[in-house]
file coords-v5.cif (mmCIF, C-alpha atoms and all ligand atoms)
data_work
#
loop_
_atom_site.label_atom_id
_atom_site.label_comp_id
_atom_site.auth_asym_id
_atom_site.auth_seq_id
_atom_site.Cartn_x
_atom_site.Cartn_y
_atom_site.Cartn_z
CA MET A 370 71.80 -13.25 7.65
CA ARG A 371 69.39 -10.95 9.48
CA PRO A 372 66.68 -12.70 11.52
CA VAL A 373 63.14 -11.69 10.57
CA PHE A 374 62.00 -11.12 14.14
CA SER A 375 63.64 -9.17 16.96
CA ASP A 376 64.03 -10.47 20.52
CA GLU A 377 61.11 -8.22 21.49
CA ASP A 378 58.98 -9.80 18.75
CA GLU A 379 59.80 -13.27 20.04
CA ALA A 380 59.03 -12.25 23.62
CA PHE A 381 55.70 -10.94 22.36
CA ARG A 382 55.08 -14.28 20.62
CA GLU A 383 55.30 -15.99 24.01
CA GLU A 384 52.88 -13.45 25.46
CA VAL A 385 50.33 -14.14 22.69
CA ARG A 386 50.71 -17.89 23.16
CA ALA A 387 50.18 -17.59 26.91
CA PHE A 388 47.09 -15.48 26.29
CA TYR A 389 45.52 -18.04 23.95
CA ARG A 390 46.42 -20.99 26.18
CA LYS A 391 44.64 -19.27 29.04
CA GLU A 392 41.63 -17.90 27.17
CA LEU A 393 40.64 -20.61 24.70
CA PRO A 394 38.49 -23.58 25.71
CA LYS A 395 40.42 -26.84 25.99
CA ASP A 396 38.43 -28.44 23.17
CA TRP A 397 38.66 -25.39 20.86
CA PHE A 398 38.09 -26.52 17.27
CA GLY A 399 38.83 -23.07 15.95
CA GLY A 400 37.10 -20.16 14.31
CA LEU A 401 38.93 -20.33 10.99
CA SER A 402 36.49 -21.60 8.36
CA ASP A 403 34.20 -22.87 11.11
CA GLU A 404 30.83 -21.14 11.18
CA ALA A 405 29.21 -22.93 14.11
CA GLU A 406 27.37 -20.46 16.33
CA GLU A 407 29.33 -21.33 19.47
CA SER A 408 32.58 -20.87 17.58
CA ARG A 409 31.50 -17.43 16.40
CA ARG A 410 30.48 -16.43 19.91
CA ILE A 411 33.84 -17.43 21.40
CA THR A 412 35.74 -15.74 18.56
CA HIS A 413 33.77 -12.55 19.20
CA GLU A 414 34.57 -12.59 22.93
CA ILE A 415 38.24 -13.29 22.32
CA LYS A 416 38.44 -10.48 19.79
CA LYS A 417 37.04 -8.04 22.31
CA LYS A 418 39.83 -9.03 24.71
CA LEU A 419 42.44 -8.76 21.95
CA ALA A 420 41.11 -5.33 21.04
CA LYS A 421 41.40 -4.23 24.67
CA LYS A 422 45.06 -5.17 24.55
CA GLY A 423 45.41 -3.17 21.34
CA TRP A 424 46.74 -6.20 19.45
CA LEU A 425 44.27 -6.39 16.56
CA THR A 426 45.74 -3.39 14.75
CA MET A 427 48.95 -2.86 16.68
CA ALA A 428 50.97 -1.63 13.67
CA TRP A 429 48.43 1.11 12.81
CA PRO A 430 49.07 4.78 13.69
CA LYS A 431 47.99 5.74 17.20
CA GLN A 432 45.40 8.27 16.03
CA TYR A 433 43.55 5.45 14.23
CA GLY A 434 43.50 2.97 17.07
CA GLY A 435 46.94 1.42 16.62
CA GLN A 436 50.09 1.28 18.75
CA GLU A 437 52.61 2.03 15.99
CA ALA A 438 54.27 -1.31 16.69
CA PRO A 439 56.70 -2.71 14.10
CA LEU A 440 55.01 -4.66 11.30
CA THR A 441 56.90 -7.76 12.37
CA ARG A 442 55.09 -7.61 15.73
CA GLN A 443 51.75 -7.55 13.95
CA VAL A 444 52.85 -10.53 11.85
CA VAL A 445 53.75 -12.44 15.00
CA PHE A 446 50.28 -11.71 16.34
CA VAL A 447 48.51 -12.87 13.16
CA GLU A 448 50.69 -15.99 12.90
CA GLU A 449 50.04 -17.01 16.47
CA SER A 450 46.33 -16.27 16.19
CA ALA A 451 46.12 -18.53 13.13
CA TYR A 452 48.21 -21.17 14.89
CA PHE A 453 45.66 -21.14 17.72
CA ARG A 454 42.89 -21.09 15.10
CA VAL A 455 41.51 -17.71 16.05
CA ASN A 456 40.28 -15.64 13.13
CA ALA A 457 41.82 -12.35 14.31
CA ARG A 458 42.51 -10.92 10.84
CA ASP A 459 39.04 -10.22 9.48
CA ALA A 460 38.02 -7.87 6.64
CA GLY A 461 38.26 -4.77 8.83
CA THR A 462 41.59 -5.43 10.53
CA GLY A 463 43.10 -7.37 7.61
CA TYR A 464 42.44 -5.33 4.49
CA LEU A 465 39.49 -2.91 4.45
CA GLY A 466 41.05 -0.81 7.22
CA ILE A 467 44.32 -0.58 5.27
CA ALA A 468 42.42 0.51 2.14
CA ILE A 469 40.56 3.21 4.12
CA MET A 470 43.84 4.36 5.63
CA GLN A 471 45.39 4.74 2.17
CA HIS A 472 42.43 6.17 0.27
CA GLY A 473 39.78 7.49 2.69
CA THR A 474 39.19 11.05 3.85
CA GLU A 475 40.22 12.06 7.36
CA GLU A 476 36.57 11.95 8.43
CA GLN A 477 36.22 8.36 7.12
CA LYS A 478 39.41 7.26 8.85
CA GLN A 479 38.09 8.66 12.11
CA ARG A 480 34.70 7.05 11.58
CA PHE A 481 35.86 3.52 10.72
CA LEU A 482 39.39 2.82 11.90
CA GLY A 483 38.90 3.31 15.65
CA PRO A 484 35.81 1.05 15.76
CA ILE A 485 37.61 -1.59 13.63
CA SER A 486 40.58 -1.58 16.01
CA ARG A 487 38.19 -2.00 18.96
CA ALA A 488 36.35 -4.91 17.28
CA GLU A 489 33.13 -2.92 17.36
CA ILE A 490 32.08 -3.29 13.73
CA ASP A 491 31.85 -6.11 11.19
CA PHE A 492 31.56 -5.98 7.42
CA HIS A 493 29.94 -7.76 4.52
CA GLN A 494 32.13 -7.80 1.39
CA GLY A 495 30.37 -7.32 -1.94
CA PHE A 496 32.74 -7.39 -4.89
CA SER A 497 31.71 -10.48 -6.93
CA GLU A 498 28.49 -10.57 -8.93
CA PRO A 499 26.74 -13.46 -10.69
CA ASN A 500 28.37 -12.42 -13.98
CA ALA A 501 31.46 -10.67 -12.67
CA GLY A 502 33.86 -12.74 -10.58
CA SER A 503 37.24 -13.14 -12.24
CA ASP A 504 36.46 -10.26 -14.55
CA LEU A 505 35.42 -7.93 -11.77
CA THR A 506 35.53 -4.91 -14.10
CA GLY A 507 32.40 -6.35 -15.72
CA LEU A 508 30.32 -5.58 -12.62
CA THR A 509 26.90 -4.04 -13.27
CA THR A 510 25.69 -2.91 -9.82
CA LYS A 511 24.96 0.78 -10.40
CA ALA A 512 25.23 3.91 -8.26
CA TRP A 513 23.90 7.29 -9.30
CA ARG A 514 23.44 10.67 -7.65
CA GLU A 515 20.04 12.00 -6.60
CA GLY A 516 20.41 15.26 -4.65
CA ASP A 517 22.71 14.68 -1.66
CA ASP A 518 22.45 10.90 -1.98
CA TYR A 519 23.75 7.98 -3.96
CA VAL A 520 21.17 5.40 -4.98
CA PHE A 521 22.32 1.78 -5.50
CA SER A 522 20.79 -0.95 -7.59
CA GLY A 523 22.26 -4.38 -8.25
CA GLN A 524 23.18 -7.77 -6.90
CA LYS A 525 26.27 -9.37 -5.35
CA ILE A 526 27.07 -13.01 -4.67
CA TRP A 527 29.31 -15.14 -2.40
CA GLY A 528 30.05 -12.64 0.39
CA GLY A 529 28.14 -13.77 3.50
CA HIS A 530 26.76 -12.86 6.92
CA LEU A 531 25.12 -9.58 6.00
CA GLU A 532 22.77 -10.09 8.96
CA GLN A 533 25.73 -10.04 11.38
CA ALA A 534 27.48 -7.14 9.69
CA ASP A 535 27.19 -3.48 10.57
CA TYR A 536 28.18 -2.36 7.07
CA SER A 537 28.43 -3.64 3.51
CA PHE A 538 31.45 -2.50 1.51
CA PHE A 539 31.17 -2.98 -2.23
CA LEU A 540 31.95 -1.75 -5.71
CA ALA A 541 29.40 -0.10 -7.98
CA ARG A 542 29.53 1.43 -11.45
CA THR A 543 29.25 5.23 -11.33
CA ASP A 544 30.17 5.98 -14.94
CA GLN A 545 28.59 3.88 -17.68
CA GLU A 546 30.66 5.47 -20.46
CA ALA A 547 34.20 5.31 -19.02
CA PRO A 548 36.56 2.39 -19.74
CA LYS A 549 35.40 -0.47 -17.49
CA HIS A 550 37.80 -0.13 -14.55
CA LYS A 551 37.68 3.68 -14.60
CA GLY A 552 33.94 3.93 -13.99
CA ILE A 553 33.83 2.07 -10.66
CA SER A 554 33.53 3.55 -7.14
CA PHE A 555 34.02 2.07 -3.67
CA PHE A 556 31.21 2.37 -1.11
CA ILE A 557 30.47 1.49 2.50
CA ILE A 558 26.81 1.60 3.59
CA PRO A 559 25.07 0.53 6.84
CA SER A 560 23.72 -3.01 6.65
CA ASP A 561 20.28 -1.82 7.82
CA THR A 562 19.87 0.53 4.84
CA PRO A 563 16.34 0.04 3.45
CA GLY A 564 16.46 -2.09 0.30
CA LEU A 565 19.57 -4.05 1.34
CA HIS A 566 18.73 -7.72 1.88
CA ALA A 567 20.13 -11.21 1.35
CA ASP A 568 19.29 -14.79 0.42
CA THR A 569 21.48 -17.40 2.09
CA PHE A 570 22.71 -20.71 0.67
CA ALA A 571 24.95 -23.41 2.10
CA ASN A 572 28.50 -24.18 1.00
CA MET A 573 29.98 -27.65 1.21
CA GLY A 574 32.30 -26.67 4.07
CA GLY A 575 29.30 -26.40 6.38
CA GLY A 576 29.00 -22.61 6.19
CA ASN A 577 26.91 -20.08 4.34
CA GLN A 578 27.24 -17.79 1.33
CA GLN A 579 24.77 -15.15 0.20
CA ILE A 580 23.21 -13.35 -2.70
CA VAL A 581 22.90 -9.73 -1.57
CA TYR A 582 20.47 -7.33 -3.22
CA TYR A 583 20.79 -3.55 -3.32
CA ASP A 584 17.23 -2.53 -4.22
CA ASN A 585 17.37 1.22 -4.73
CA CYS A 586 19.27 1.71 -1.46
CA ARG A 587 19.73 5.41 -0.76
CA VAL A 588 22.59 6.80 1.37
CA ASN A 589 24.09 10.26 1.85
CA ALA A 590 26.88 10.59 -0.72
CA GLN A 591 29.50 12.16 1.58
CA GLU A 592 29.04 9.40 4.10
CA CYS A 593 29.25 6.35 1.86
CA ILE A 594 31.84 6.88 -0.88
CA ILE A 595 35.46 6.01 -0.06
CA GLY A 596 38.04 8.04 -1.97
CA ALA A 597 37.00 9.87 -5.11
CA GLU A 598 34.22 8.89 -7.51
CA ASN A 599 35.41 6.46 -10.21
CA GLN A 600 38.60 5.61 -8.27
CA GLY A 601 37.12 2.51 -6.66
CA TRP A 602 39.12 0.04 -8.71
CA TYR A 603 42.39 1.18 -7.17
CA ILE A 604 40.97 1.06 -3.65
CA ALA A 605 39.71 -2.48 -4.24
CA ALA A 606 43.18 -3.43 -5.51
CA THR A 607 44.72 -2.31 -2.20
CA ALA A 608 42.12 -4.30 -0.26
CA LEU A 609 42.52 -7.41 -2.43
CA ASN A 610 46.31 -7.40 -2.22
CA HIS A 611 46.15 -7.46 1.56
CA GLU A 612 43.36 -10.05 1.54
CA ARG A 613 45.46 -12.32 -0.66
CA ALA A 614 48.62 -12.10 1.46
CA PHE A 615 47.19 -14.75 3.74
CA VAL A 616 49.78 -15.64 6.40
CA GLU A 617 47.21 -17.96 7.99
CA HIS A 618 47.89 -20.78 5.50
CA ALA A 619 51.44 -21.22 6.78
CA ALA A 620 50.49 -21.01 10.46
CA ASN A 621 47.57 -23.41 10.03
CA GLY A 622 49.81 -25.77 8.12
CA ALA A 623 52.49 -25.68 10.81
CA ARG A 624 49.94 -26.50 13.52
CA LEU A 625 48.35 -29.37 11.62
CA MET A 626 51.78 -30.72 10.73
CA GLU A 627 52.67 -30.89 14.43
CA GLU A 628 49.42 -32.67 15.23
CA ILE A 629 49.76 -35.20 12.43
CA VAL A 630 53.35 -35.96 13.32
CA GLU A 631 52.34 -36.48 16.96
CA LEU A 632 49.47 -38.75 15.95
CA TRP A 633 51.68 -40.75 13.60
CA ARG A 634 54.33 -41.23 16.26
CA SER A 635 51.87 -42.22 18.97
CA ALA A 636 49.48 -44.36 16.93
CA ASP A 637 52.09 -46.85 15.71
CA ARG A 638 49.70 -47.87 12.96
CA HIS A 639 52.32 -47.80 10.22
CA ASN A 640 54.99 -50.33 9.49
CA ALA A 641 58.03 -48.14 8.89
CA ASN A 642 59.41 -50.53 6.25
CA ASP A 643 56.24 -50.72 4.25
CA HIS A 644 56.87 -48.94 0.93
CA ARG A 645 53.54 -47.07 1.20
CA THR A 646 54.60 -45.74 4.59
CA ILE A 647 57.91 -44.55 3.18
CA VAL A 648 56.16 -42.76 0.30
CA LEU A 649 53.67 -41.17 2.68
CA ARG A 650 56.43 -40.07 5.03
CA ASN A 651 58.18 -38.39 2.12
CA LYS A 652 54.98 -36.66 1.07
CA LEU A 653 54.62 -35.26 4.57
CA ALA A 654 58.23 -34.08 4.50
CA GLN A 655 57.51 -32.31 1.20
CA VAL A 656 54.55 -30.49 2.76
CA ALA A 657 56.74 -29.48 5.71
CA ILE A 658 59.05 -27.71 3.24
CA GLU A 659 56.12 -26.02 1.55
CA VAL A 660 54.77 -24.68 4.84
CA GLN A 661 58.10 -22.89 5.35
CA VAL A 662 58.19 -21.57 1.79
CA CYS A 663 54.68 -20.23 2.24
CA ARG A 664 55.73 -18.44 5.40
CA LEU A 665 58.73 -16.83 3.69
CA LEU A 666 56.68 -15.66 0.70
CA ASN A 667 54.40 -13.92 3.15
CA TYR A 668 57.30 -12.29 4.98
CA ARG A 669 58.47 -10.93 1.64
CA PHE A 670 55.08 -9.33 1.03
CA ILE A 671 55.11 -7.76 4.50
CA TRP A 672 58.67 -6.51 4.06
CA LEU A 673 57.82 -4.81 0.74
CA TYR A 674 54.72 -3.26 2.28
CA GLY A 675 56.77 -2.04 5.25
CA GLU A 676 59.24 -0.44 2.80
CA GLY A 677 56.37 1.71 1.55
CA ARG A 678 55.98 -0.19 -1.71
CA ASP A 679 52.67 -1.42 -3.06
CA PRO A 680 53.22 -5.17 -3.48
CA SER A 681 50.72 -6.68 -5.87
CA TYR A 682 51.87 -9.77 -7.78
CA GLU A 683 53.76 -10.73 -4.62
CA ALA A 684 50.36 -11.01 -2.88
CA SER A 685 49.24 -13.30 -5.72
CA GLN A 686 52.30 -15.49 -5.08
CA VAL A 687 51.32 -15.86 -1.42
CA LYS A 688 47.72 -16.56 -2.40
CA ILE A 689 48.52 -19.25 -4.96
CA PHE A 690 51.20 -20.97 -2.98
CA GLY A 691 49.34 -20.89 0.35
CA SER A 692 45.98 -22.06 -0.97
CA GLU A 693 47.40 -24.79 -3.21
CA MET A 694 49.80 -25.93 -0.50
CA THR A 695 46.84 -26.29 1.86
CA GLN A 696 44.99 -28.35 -0.73
CA ARG A 697 48.00 -30.62 -1.29
CA PHE A 698 48.43 -30.95 2.47
CA MET A 699 44.81 -32.01 2.98
CA HIS A 700 45.22 -34.81 0.44
CA VAL A 701 48.31 -36.03 2.27
CA ALA A 702 46.59 -35.63 5.66
CA GLY A 703 43.69 -37.66 4.27
CA GLU A 704 46.11 -40.42 3.26
CA VAL A 705 47.72 -40.43 6.70
CA LEU A 706 44.33 -40.84 8.42
CA GLY A 707 43.05 -43.25 5.79
CA PHE A 708 39.32 -43.91 5.97
CA TYR A 709 39.19 -42.14 9.34
CA SER A 710 39.66 -38.86 7.46
CA GLN A 711 36.06 -39.16 6.27
CA ILE A 712 34.43 -39.21 9.72
CA GLN A 713 32.80 -35.93 10.66
CA ARG A 714 33.65 -34.47 14.04
CA ASP A 715 30.05 -34.56 15.29
CA ASN A 716 29.40 -38.16 14.25
CA PRO A 717 27.79 -39.61 17.40
CA LYS A 718 28.36 -43.22 16.33
CA SER A 719 32.09 -43.07 15.89
CA SER A 720 34.89 -43.19 18.42
CA HIS A 721 37.40 -42.79 15.57
CA VAL A 722 37.34 -39.03 15.13
CA TYR A 723 41.02 -38.11 14.90
CA LEU A 724 42.40 -34.58 15.29
CA GLY A 725 38.95 -33.37 16.23
CA GLY A 726 37.61 -34.15 12.74
CA ARG A 727 39.61 -31.24 11.36
CA VAL A 728 40.99 -33.11 8.36
CA GLU A 729 37.53 -34.18 7.23
CA HIS A 730 36.27 -30.63 7.63
CA GLN A 731 39.21 -29.10 5.82
CA ILE A 732 38.95 -31.58 2.94
CA ARG A 733 35.43 -30.28 2.37
CA TYR A 734 36.34 -26.62 2.88
CA GLN A 735 39.70 -26.31 1.10
CA PRO A 736 38.47 -26.33 -2.54
CA SER A 737 37.22 -22.78 -1.91
CA TYR A 738 40.72 -21.50 -1.04
CA THR A 739 41.74 -21.35 -4.70
CA LEU A 740 38.52 -19.48 -5.57
CA MET A 741 37.90 -16.87 -2.84
CA GLY A 742 39.87 -13.65 -3.17
CA GLY A 743 40.48 -14.42 -6.86
CA THR A 744 41.16 -17.80 -8.46
CA SER A 745 44.60 -19.34 -8.96
CA GLU A 746 44.27 -18.85 -12.73
CA ILE A 747 43.70 -15.13 -12.28
CA GLN A 748 46.62 -14.87 -9.82
CA ARG A 749 48.88 -16.57 -12.38
CA ASN A 750 47.71 -14.09 -15.02
CA LEU A 751 48.65 -11.25 -12.63
CA ILE A 752 52.10 -12.70 -11.94
CA ALA A 753 52.69 -13.17 -15.67
CA THR A 754 51.69 -9.62 -16.59
CA ARG A 755 52.56 -7.49 -13.52
CA GLY A 756 55.42 -9.63 -12.25
CA LEU A 757 57.10 -10.91 -15.39
CA GLY A 758 55.96 -8.05 -17.62
CA LEU A 759 54.53 -10.37 -20.28
CA PRO A 760 51.95 -8.86 -22.62
CA ARG A 761 48.28 -9.36 -21.69
C1 LIG A 801 33.91 -19.60 -0.08
C2 LIG A 801 33.92 -18.37 -0.93
C3 LIG A 801 33.85 -17.13 -0.32
C4 LIG A 801 33.82 -15.97 -1.08
N1 LIG A 801 33.68 -14.77 -0.46
C5 LIG A 801 33.52 -13.65 -1.19
C6 LIG A 801 33.25 -12.40 -0.56
O1 LIG A 801 33.19 -12.31 0.67
N2 LIG A 801 33.03 -11.31 -1.34
C7 LIG A 801 33.10 -11.37 -2.70
O2 LIG A 801 32.91 -10.34 -3.34
N3 LIG A 801 33.38 -12.54 -3.33
C8 LIG A 801 33.59 -13.67 -2.61
N4 LIG A 801 33.85 -14.87 -3.25
C9 LIG A 801 33.84 -14.92 -4.71
C10 LIG A 801 35.19 -15.18 -5.38
O3 LIG A 801 36.00 -14.04 -5.33
C11 LIG A 801 34.88 -15.63 -6.82
O4 LIG A 801 34.26 -16.90 -6.74
C12 LIG A 801 36.10 -15.70 -7.69
O5 LIG A 801 36.64 -14.43 -7.92
C13 LIG A 801 35.80 -16.38 -9.05
O6 LIG A 801 34.70 -15.79 -9.67
P1 LIG A 801 33.51 -16.68 -10.23
O7 LIG A 801 33.06 -17.59 -9.14
O8 LIG A 801 32.51 -15.77 -10.83
O9 LIG A 801 34.16 -17.60 -11.36
P2 LIG A 801 34.42 -17.21 -12.88
O10 LIG A 801 35.01 -15.84 -12.94
O11 LIG A 801 33.18 -17.44 -13.66
O12 LIG A 801 35.54 -18.24 -13.29
C14 LIG A 801 35.24 -19.60 -13.63
C15 LIG A 801 36.53 -20.32 -13.96
O13 LIG A 801 37.15 -19.72 -15.12
C16 LIG A 801 38.48 -19.32 -14.83
N5 LIG A 801 38.79 -18.05 -15.52
C17 LIG A 801 38.00 -16.97 -15.62
N6 LIG A 801 38.63 -15.98 -16.29
C18 LIG A 801 39.86 -16.46 -16.63
C19 LIG A 801 40.98 -15.92 -17.33
N7 LIG A 801 40.98 -14.69 -17.82
N8 LIG A 801 42.08 -16.70 -17.47
C20 LIG A 801 42.11 -17.98 -16.98
N9 LIG A 801 41.06 -18.55 -16.31
C21 LIG A 801 39.96 -17.80 -16.14
C22 LIG A 801 38.50 -19.10 -13.32
O14 LIG A 801 39.81 -19.25 -12.81
C23 LIG A 801 37.57 -20.21 -12.84
O15 LIG A 801 38.25 -21.43 -12.74
C24 LIG A 801 33.90 -16.06 -2.50
C25 LIG A 801 34.01 -17.31 -3.12
C26 LIG A 801 34.01 -18.46 -2.36
C27 LIG A 801 34.08 -19.79 -3.06
#

call {"tool": "encode", "arguments": {"input": "coords-v5.cif", "output": "structure tokens"}}
result
Amino acid sequence: MRPVFSDEDEAFREEVRAFYRKELPKDWFGGLSDEAEESRRITHEIKKKLAKKGWLTMAWPKQYGGQEAPLTRQVVFVEESAYFRVNARDAGTGYLGIAIMQHGTEEQKQRFLGPISRAEIDFHQGFSEPNAGSDLTGLTTKAWREGDDYVFSGQKIWGGHLEQADYSFFLARTDQEAPKHKGISFFIIPSDTPGLHADTFANMGGGNQQIVYYDNCRVNAQECIIGAENQGWYIAATALNHERAFVEHAANGARLMEEIVELWRSADRHNANDHRTIVLRNKLAQVAIEVQVCRLLNYRFIWLYGEGRDPSYEASQVKIFGSEMTQRFMHVAGEVLGFYSQIQRDNPKSSHVYLGGRVEHQIRYQPSYTLMGGTSEIQRNLIATRGLGLPR
């Protein structure tokens, strides 16, 4: 059997680990799904350092800010970043950049890919609308030509942090008559475009979501459309496939598994012969298997992508398995910690915050994993039709 990673990849893994051990604060809670201001600031600083090393987009072509490293090397980097709870694979480096590389003009590649690789620009993602989430083809945000410009009118929901973004990338309908998915185009506009604004609301994980309004925003047509007019659906599909192939679930799971096992072994709070302890131990063992399966599903996606194929339902497999595995794991982690799993990390009255309060935080945040990027039901529909070839 061929190992997935070369000796050079494994040596690089050690280099990434050493980097994070040196650079991250000792009490680092992590930037993944944590929106605290301090966390964002540290993530931003770390990303600048990672960009300087050329690691953020190391598998990209050199002319677009990459190092032409093997894909496996990039996977090692993303895995280790997630293990150290650094959100290194954002929209730009994780999926928008890949979509621009596949579908954008040379001018657009030059304009966006270098700055993405150098961690200079951030994006707001505007696909979902109040009445178009799972059925994204039902979106009603409109774009029409006036002279040299496109004008945009409509509303998006869920995507957040417009105020921190440099650009908003989104889908808008450019042909009202065409079949639904054939009348959609893909746009990127500056976040300070007049008429672009947001209302913010809280999610139960302690972060924010937004409703974003495009009130007759006007932008030069050449500068804002990606690919050809009415081809936006296919560009979004590329972006979504890479968003869904979320290697972070496996790496996060592996890290938390280590921490829980260490806590269990050191705490000595469980009687090993108690039947509840035996059941719980077996549940944890089951999750340990699932973490590995999740990892392998992701490697399969990467391998297909590296072979020049366009994996689609395989991304849905990663998405379903990873997100649902994380949800199952959080229930088991909650059982292991018992009532302590309900104490928030910043509770000043409690000295019983275990694992930095991560389990409590994740229990609140993880329901969103099976929604964002497309729900589990929709991913199963995609596997049934695209993967198994069943009729729609
Ligand atoms: C934390 C979070 C972050 C997000 N970030 C972004 C973002 O940055 N940008 C962005 O554009 N969007 C974002 N989303 C939106 C996300 O993509 C949508 O919530 C998701 O696609 C579901 O759409 P909806 O909420 O409109 O639910 P609906 O489409 O209304 O679905 C409701 C329920 O019906 C089920 N359902 C619908 N259609 C079918 C069907 N055909 N077969 C079976 N079941 C079906 C769904 O699975 C779901 O359970 C985010 C969501 C969350 C929760």

call {"tool": "closest_residue", "arguments": {"input": "coords-v5.cif", "among": "A:Leu482, A:Met699, A:Leu625, A:Ala541", "to": "ligand LIG 801 (chain A)", "atoms": "all atoms listed in the file"}}
result
A:Ala541

call {"tool": "residues_near_ligand", "arguments": {"input": "coords-v5.cif", "ligand": "ligand LIG 801 (chain A)", "cutoff": "10 Å", "atoms": "all atoms listed in the file", "output": "ChimeraX atom specification"}}
result
/A:402,460,492-505,525-530,538-540,571-574,576-579,609,734-751,761

call {"tool": "residues_around", "arguments": {"input": "coords-v5.cif", "residues": "Thr607 of chain A", "least_positions_apart": "4", "cutoff": "9 Å", "atoms": "all atoms listed in the file", "output": "PDB file with C-alpha atoms, in the coordinates of the input"}}
result
ATOM      1  CA  TYR A 464      42.440  -5.330   4.490  1.00  0.00           C
ATOM      2  CA  LEU A 465      39.490  -2.910   4.450  1.00  0.00           C
ATOM      3  CA  ILE A 467      44.320  -0.580   5.270  1.00  0.00           C
ATOM      4  CA  ALA A 468      42.420   0.510   2.140  1.00  0.00           C
ATOM      5  CA  GLN A 471      45.390   4.740   2.170  1.00  0.00           C
ATOM      6  CA  TRP A 602      39.120   0.040  -8.710  1.00  0.00           C
ATOM      7  CA  TYR A 603      42.390   1.180  -7.170  1.00  0.00           C
ATOM      8  CA  HIS A 611      46.150  -7.460   1.560  1.00  0.00           C
ATOM      9  CA  GLU A 612      43.360 -10.050   1.540  1.00  0.00           C
ATOM     10  CA  ASP A 679      52.670  -1.420  -3.060  1.00  0.00           C
ATOM     11  CA  SER A 681      50.720  -6.680  -5.870  1.00  0.00           C
TER      12      SER A 681
END

call {"tool": "residues_near_point", "arguments": {"input": "coords-v5.cif", "point": "(20.3, -10.7, 7.8)", "cutoff": "7 Å", "atoms": "only C-alpha atoms", "output": "number ranges by chain"}}
result
A: 530-533, 566-567

call {"tool": "atom_distance", "arguments": {"input": "coords-v5.cif", "atom1": "atom CA of Val705 of chain A", "atom2": "atom CA of Gly399 of chain A"}}
result
21.6 Å

call {"tool": "residues_around", "arguments": {"input": "coords-v5.cif", "residues": "Asn589 of chain A", "least_positions_apart": "5", "cutoff": "10 Å", "atoms": "only C-alpha atoms", "output": "PyMOL selection string"}}
result
chain A and resi 514-520+558+594

call {"tool": "residues_around", "arguments": {"input": "coords-v5.cif", "residues": "segment 641-656 of chain A", "least_positions_apart": "3", "cutoff": "12 Å", "atoms": "all atoms listed in the file", "output": "CSV table (one decimal) with C-alpha atoms, keeping the file's coordinate frame"}}
result
chain,number,residue,atom,x,y,z
A,619,ALA,CA,51.4,-21.2,6.8
A,622,GLY,CA,49.8,-25.8,8.1
A,623,ALA,CA,52.5,-25.7,10.8
A,625,LEU,CA,48.4,-29.4,11.6
A,626,MET,CA,51.8,-30.7,10.7
A,627,GLU,CA,52.7,-30.9,14.4
A,629,ILE,CA,49.8,-35.2,12.4
A,630,VAL,CA,53.4,-36.0,13.3
A,633,TRP,CA,51.7,-40.8,13.6
A,634,ARG,CA,54.3,-41.2,16.3
A,637,ASP,CA,52.1,-46.8,15.7
A,638,ARG,CA,49.7,-47.9,13.0
A,659,GLU,CA,56.1,-26.0,1.6
A,660,VAL,CA,54.8,-24.7,4.8
A,661,GLN,CA,58.1,-22.9,5.4
A,662,VAL,CA,58.2,-21.6,1.8
A,663,CYS,CA,54.7,-20.2,2.2
A,690,PHE,CA,51.2,-21.0,-3.0
A,691,GLY,CA,49.3,-20.9,0.4
A,693,GLU,CA,47.4,-24.8,-3.2
A,694,MET,CA,49.8,-25.9,-0.5
A,695,THR,CA,46.8,-26.3,1.9
A,696,GLN,CA,45.0,-28.4,-0.7
A,697,ARG,CA,48.0,-30.6,-1.3
A,698,PHE,CA,48.4,-31.0,2.5
A,699,MET,CA,44.8,-32.0,3.0
A,700,HIS,CA,45.2,-34.8,0.4
A,701,VAL,CA,48.3,-36.0,2.3
A,702,ALA,CA,46.6,-35.6,5.7
A,703,GLY,CA,43.7,-37.7,4.3
A,704,GLU,CA,46.1,-40.4,3.3
A,705,VAL,CA,47.7,-40.4,6.7
A,706,LEU,CA,44.3,-40.8,8.4
A,707,GLY,CA,43.0,-43.2,5.8

call {"tool": "residues_near_point", "arguments": {"input": "coords-v5.cif", "point": "(35.6, 4.8, -15.7)", "cutoff": "10 Å", "atoms": "only C-alpha atoms", "output": "PDB file with C-alpha atoms, keeping the file's coordinate frame"}}
result
ATOM      1  CA  THR A 506      35.530  -4.910 -14.100  1.00  0.00           C
ATOM      2  CA  ARG A 542      29.530   1.430 -11.450  1.00  0.00           C
ATOM      3  CA  THR A 543      29.250   5.230 -11.330  1.00  0.00           C
ATOM      4  CA  ASP A 544      30.170   5.980 -14.940  1.00  0.00           C
ATOM      5  CA  GLN A 545      28.590   3.880 -17.680  1.00  0.00           C
ATOM      6  CA  GLU A 546      30.660   5.470 -20.460  1.00  0.00           C
ATOM      7  CA  ALA A 547      34.200   5.310 -19.020  1.00  0.00           C
ATOM      8  CA  PRO A 548      36.560   2.390 -19.740  1.00  0.00           C
ATOM      9  CA  LYS A 549      35.400  -0.470 -17.490  1.00  0.00           C
ATOM     10  CA  HIS A 550      37.800  -0.130 -14.550  1.00  0.00           C
ATOM     11  CA  LYS A 551      37.680   3.680 -14.600  1.00  0.00           C
ATOM     12  CA  GLY A 552      33.940   3.930 -13.990  1.00  0.00           C
ATOM     13  CA  ILE A 553      33.830   2.070 -10.660  1.00  0.00           C
ATOM     14  CA  SER A 554      33.530   3.550  -7.140  1.00  0.00           C
ATOM     15  CA  GLU A 598      34.220   8.890  -7.510  1.00  0.00           C
ATOM     16  CA  ASN A 599      35.410   6.460 -10.210  1.00  0.00           C
ATOM     17  CA  GLN A 600      38.600   5.610  -8.270  1.00  0.00           C
ATOM     18  CA  GLY A 601      37.120   2.510  -6.660  1.00  0.00           C
ATOM     19  CA  TRP A 602      39.120   0.040  -8.710  1.00  0.00           C
TER      20      TRP A 602
END
